[in-house]
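In what follows, a single structure is set out as structure tokens and then discussed.
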Amino acid sequence: MENKMHFYNTLTRRVEQFIPNEDGKVAMYTCGPTVYHFAHIGNLRCYIMEDLLEKTLRYIGYDVKRVMNITDVGHLSSDADTGEDKMVAGAKREHKTVMEIAKFYTEAFFEDCKKLNIKTPDVVEPATNCIDEFQKVIGRLLETGYAYESGGNIYFDTSKLKEYYVFSGQSEQELLVGVRDDVEEDANKRNKSDFVLWFTKSKFEDQELKWESPWGVGYPGWHIECSCISMKHLGEYMDIHCGGVDNIFPHHTNEIAQSEAYLGHKWCNYWLHVHHLNDKTGKMSKSKGKILTVSTLEENGYDPMVYRLFCLQSHYRKPLEFSYEVLDNMSAAYDKLVKRIASLQREGEVDREKFDAYRTQFETALCDDLNSSMAITVLYDMLKDDMSDATKFALAENFDQVLSLNLTTALEKKSEESGVDAELEQYIMEKIEERKAAKKEKDFAKADAIRDELMAKGILLEDTREGVKWKKA
């Protein structure tokens, strides 16, 4: 492949050329949601960037198999296997069963993904489907001495490993900075860093989901789920494992420990982690109260594509700060961009030399540690170039295979939703520009006359901070 993919490997702490285990094929795993509540837009930043990675790999010619889990049991409120099961807490909150909660929020998650043009992974597997796989791996770890029973639970013994903190030379205390919730100590552990593989005595009388096991009735710990689900569908070797930076420790650290102890060899070569989305108060979190969701953005008048563009304009390894002011600017930029592309004449010859040159620039940007901001700069540069509209439109379509911003279809979709055909929409846009010019010349009578003319056609204008918007009256 002419363009070689390079990205930052958290495992080696450097940017590396990506070389898969099998030529032309990529085995990719992404940590899925714990479906106890709606996903907030911070969660979804991670899935947008993972989606970008998968689509980039496909774009440059790889055959990708992507697997994702759905955590519907076993994820406790602390990353150190203490506290309450998040699924049970969700069921209590809404007076429903755990499975009702799981079904509702799984569907809500994928609806959000659909709105953001996030491709559904090739395999999506709920943890509750894989109890046999969990027990098989845990049983083997007990046999080989990597696990032990204590206080009614099965634990992984980290003291058996030559190296446990594989992602960093930092101490455990330093690593805990990235953990979601406060970490409590479990007196049943032999070593502070040991972690639960299976709870054989439920800590909660109302724990709804329990299964028979060789060690008594119980349920799996959170960390074992991703290891087993990935091995079930991708085999013993994996190319890329993705997640948010708060997955690095202890979740991904523990995945590597148990997987390689079970397999007896290196499990995954490349680890990619997406940084947090922050607001002015810090990292977005469900524990803070009101959750900022895709639906919230829509209720405030934002196209979900505006949020996707907002994420793509920043590098995945940098923290990103959200504000409505920034989103207003992004909304105006997105509207201008899709209108520019919609104005292109699609008929005519495509200049293959220009097309190939810009496609190469676009690929090069994405292959440089997923530099999506530079890829979008290539898009803007292409639109300014002195070449045929047909070539520009073909390139916009081509780039959107990866960017997934509805670049060539956004206005058509808006027309369908608004019930306004393309000819009338073009007329509306011309009148808005004419009114804008009249106001600039202080000809307010003419500006009012244009507003009234559009109102007579059933079109209502609204002056907003990011420009004039219209809708059917």
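In the structure tokens, chains take letters A, B, ... by order of appearance, with residues numbered from 1 within each chain and ligands from 1 in the order shown.
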Shell of 8 Å around region 49-51 of chain A, only C-alpha atoms, local chain residues under 2 positions omitted, as a ChimeraX atom specification:
/A:30,45-47,53-55,118-119,242-243,274,311-312,316
Write the residues of the preceding selection, restricted to C-alpha atoms, as a tab-separated table (two decimals), in the first residue's frame.
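Full text of again_24.tsv as output:
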```
chain	number	residue	atom	x	y	z
A	30	THR	CA	-13.32	-1.31	20.53
A	45	ARG	CA	-16.23	11.53	20.84
A	46	CYS	CA	-14.36	8.28	21.41
A	47	TYR	CA	-16.67	6.31	19.08
A	53	LEU	CA	-9.84	4.94	12.25
A	54	GLU	CA	-11.89	2.02	10.90
A	55	LYS	CA	-13.01	3.98	7.83
A	118	ILE	CA	-20.82	6.03	13.24
A	119	LYS	CA	-20.73	2.66	11.48
A	242	CYS	CA	-9.24	1.09	21.05
A	243	GLY	CA	-10.89	2.97	23.88
A	274	VAL	CA	-8.95	8.89	22.59
A	311	CYS	CA	-14.59	16.41	16.94
A	312	LEU	CA	-12.81	15.91	13.61
A	316	TYR	CA	-7.90	12.55	19.03
```
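Residues of region 370-462 of chain A that DSSP, applied to the backbone, places in strand (DSSP E or B): Ile459, Leu460, Leu461 and Glu462 of chain A.
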Point out the residue among A:Val166, A:Met387, A:Met28, A:Cys226 with the least atom-to-atom distance to His75 (chain A), counting only C-alpha atoms.
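Of A:Val166, A:Met387, A:Met28, A:Cys226, the one nearest His75 (chain A) is A:Cys226, counting only C-alpha atoms.
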Can you pull out the residues contacting Leu141 (chain A)? Cut-off 7 Å, using only C-alpha atoms, and skip same-chain residues under 5 positions away; I want them as a list in words.
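Contacts, in chain order: Tyr146, Ala147 and Tyr262 of chain A.
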Generate a file of the selected residues that holds N, CA and C atoms, formatted as a PDB file, in the first residue's frame.
```pdb
ATOM      1  N   TYR A 146      -2.686 -18.488  37.840  1.00  0.00           N
ATOM      2  CA  TYR A 146      -2.811 -17.045  37.641  1.00  0.00           C
ATOM      3  C   TYR A 146      -4.028 -16.453  38.355  1.00  0.00           C
ATOM      4  N   ALA A 147      -4.867 -17.318  38.890  1.00  0.00           N
ATOM      5  CA  ALA A 147      -6.062 -16.847  39.592  1.00  0.00           C
ATOM      6  C   ALA A 147      -6.219 -17.625  40.888  1.00  0.00           C
ATOM      7  N   TYR A 262      -3.562 -16.302  29.820  1.00  0.00           N
ATOM      8  CA  TYR A 262      -4.367 -17.401  29.267  1.00  0.00           C
ATOM      9  C   TYR A 262      -3.763 -17.933  27.975  1.00  0.00           C
TER      10      TYR A 262
END
```
Nearby residues (only C-alpha atoms) at most 10 Å from Lys469 (chain A), same-chain spacing under 4 positions excluded, as a list in words
Met429, Ile432, Leu460, Leu461, Glu462, Asp463, Thr464 and Arg465 of chain A
Restrict the selected residues to C-alpha atoms and save them as a PDB file, in the first residue's frame.
```pdb
ATOM      1  CA  MET A 429     -31.034  31.329  -0.343  1.00  0.00           C
ATOM      2  CA  ILE A 432     -31.611  35.754   2.028  1.00  0.00           C
ATOM      3  CA  LEU A 460     -40.251  32.175   8.019  1.00  0.00           C
ATOM      4  CA  LEU A 461     -36.848  33.855   8.498  1.00  0.00           C
ATOM      5  CA  GLU A 462     -35.065  33.982  11.832  1.00  0.00           C
ATOM      6  CA  ASP A 463     -32.004  36.146  12.557  1.00  0.00           C
ATOM      7  CA  THR A 464     -29.618  34.246  14.867  1.00  0.00           C
ATOM      8  CA  ARG A 465     -26.075  34.705  16.179  1.00  0.00           C
TER       9      ARG A 465
END
```
Would you mind listing what lies within 12 Å of Tyr427 (chain A) as a tab-separated table (two decimals) with C-alpha atoms, in the first residue's frame, with only C-alpha atoms counted and same-chain residues fewer than 3 positions away left out?
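Wrote it out as result00.tsv, contents follow:
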```tsv
chain	number	residue	atom	x	y	z
A	420	VAL	CA	-39.11	22.28	0.35
A	421	ASP	CA	-37.84	21.27	-3.08
A	422	ALA	CA	-34.36	22.18	-4.33
A	423	GLU	CA	-35.62	24.93	-6.66
A	424	LEU	CA	-37.50	26.73	-3.88
A	430	GLU	CA	-30.87	33.95	-3.09
A	431	LYS	CA	-33.48	36.06	-1.28
A	432	ILE	CA	-31.61	35.75	2.03
A	433	GLU	CA	-28.44	37.04	0.33
A	434	GLU	CA	-30.43	39.84	-1.33
A	450	ILE	CA	-38.09	40.40	1.08
A	453	GLU	CA	-42.32	38.00	0.19
A	454	LEU	CA	-40.88	34.82	1.70
A	457	LYS	CA	-44.58	31.63	0.26
A	459	ILE	CA	-41.12	30.61	4.66
```
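Comparing A:His40, A:Glu149, A:Gly458, A:Leu272 by their smallest distance to Gly244 (chain A), the closest is A:Leu272 (using only C-alpha atoms).
The residue that comes closest to Leu407 (chain A), out of A:Val350, A:Ala357, A:Val124, A:Leu337 and on the basis of only C-alpha atoms, is A:Leu337.
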Option closest in space to Pro250 (chain A), from A:Lys210, A:Lys232, A:Lys266, A:Lys192 [counting only C-alpha atoms]
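Checking each of A:Lys210, A:Lys232, A:Lys266, A:Lys192 against Pro250 (chain A), counting only C-alpha atoms, the winner is A:Lys192.
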Give me the residues within 8 Å of region 299-309 of chain A as a list of chain:residue names, counting only C-alpha atoms and dropping any in the same chain fewer than 3 places off.
A:Arg45, A:Ile48, A:Lys115, A:Leu116, A:Val294, A:Ser295, A:Thr296, A:Leu312, A:Gln313, A:Leu327, A:Met330, A:Ser331, A:Tyr334, A:Leu405, A:Asn406
With a distance cut-off of 12 Å and only C-alpha atoms, select the neighbouring residues of Glu94 (chain A), excluding the residue or stretch itself and same-chain residues fewer than 5 positions from it, and output the selection as a PDB file with N, CA and C atoms, in the first residue's frame.
```pdb
ATOM      1  N   TYR A  36     -26.293   1.466  30.970  1.00  0.00           N
ATOM      2  CA  TYR A  36     -27.114   1.765  32.140  1.00  0.00           C
ATOM      3  C   TYR A  36     -27.713   3.162  32.071  1.00  0.00           C
ATOM      4  N   HIS A  37     -27.300   3.938  31.040  1.00  0.00           N
ATOM      5  CA  HIS A  37     -27.774   5.308  30.890  1.00  0.00           C
ATOM      6  C   HIS A  37     -27.468   5.743  29.460  1.00  0.00           C
ATOM      7  N   MET A  87     -25.401  -1.508  36.156  1.00  0.00           N
ATOM      8  CA  MET A  87     -26.657  -1.946  35.555  1.00  0.00           C
ATOM      9  C   MET A  87     -27.762  -2.061  36.611  1.00  0.00           C
ATOM     10  N   VAL A  88     -27.407  -2.587  37.787  1.00  0.00           N
ATOM     11  CA  VAL A  88     -28.371  -2.693  38.882  1.00  0.00           C
ATOM     12  C   VAL A  88     -28.799  -1.300  39.338  1.00  0.00           C
ATOM     13  N   ALA A  89     -27.818  -0.389  39.419  1.00  0.00           N
ATOM     14  CA  ALA A  89     -28.134   0.983  39.820  1.00  0.00           C
ATOM     15  C   ALA A  89     -29.100   1.626  38.821  1.00  0.00           C
ATOM     16  N   GLU A 100     -34.348  -4.911  30.779  1.00  0.00           N
ATOM     17  CA  GLU A 100     -35.126  -3.816  30.174  1.00  0.00           C
ATOM     18  C   GLU A 100     -34.258  -2.569  30.021  1.00  0.00           C
ATOM     19  N   ILE A 101     -33.476  -2.284  31.056  1.00  0.00           N
ATOM     20  CA  ILE A 101     -32.547  -1.153  31.001  1.00  0.00           C
ATOM     21  C   ILE A 101     -31.532  -1.362  29.887  1.00  0.00           C
ATOM     22  N   ALA A 102     -30.962  -2.563  29.819  1.00  0.00           N
ATOM     23  CA  ALA A 102     -29.934  -2.868  28.811  1.00  0.00           C
ATOM     24  C   ALA A 102     -30.489  -2.705  27.396  1.00  0.00           C
ATOM     25  N   PHE A 104     -33.130  -0.912  26.359  1.00  0.00           N
ATOM     26  CA  PHE A 104     -33.483   0.481  26.063  1.00  0.00           C
ATOM     27  C   PHE A 104     -32.239   1.315  25.751  1.00  0.00           C
ATOM     28  N   TYR A 105     -31.198   1.202  26.593  1.00  0.00           N
ATOM     29  CA  TYR A 105     -30.033   2.062  26.410  1.00  0.00           C
ATOM     30  C   TYR A 105     -29.099   1.561  25.311  1.00  0.00           C
TER      31      TYR A 105
END
```
Give me, as a PyMOL selection string, the residues of region 123-153 of chain A that a backbone DSSP run labels alpha helix (DSSP H).
chain A and resi 131-143
With distances taken over only C-alpha atoms, which of A:Arg451, A:Arg340, A:His223, A:Arg13 is nearest to Ala396 (chain A)?
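The answer is A:Arg340, which sits nearest to Ala396 (chain A).
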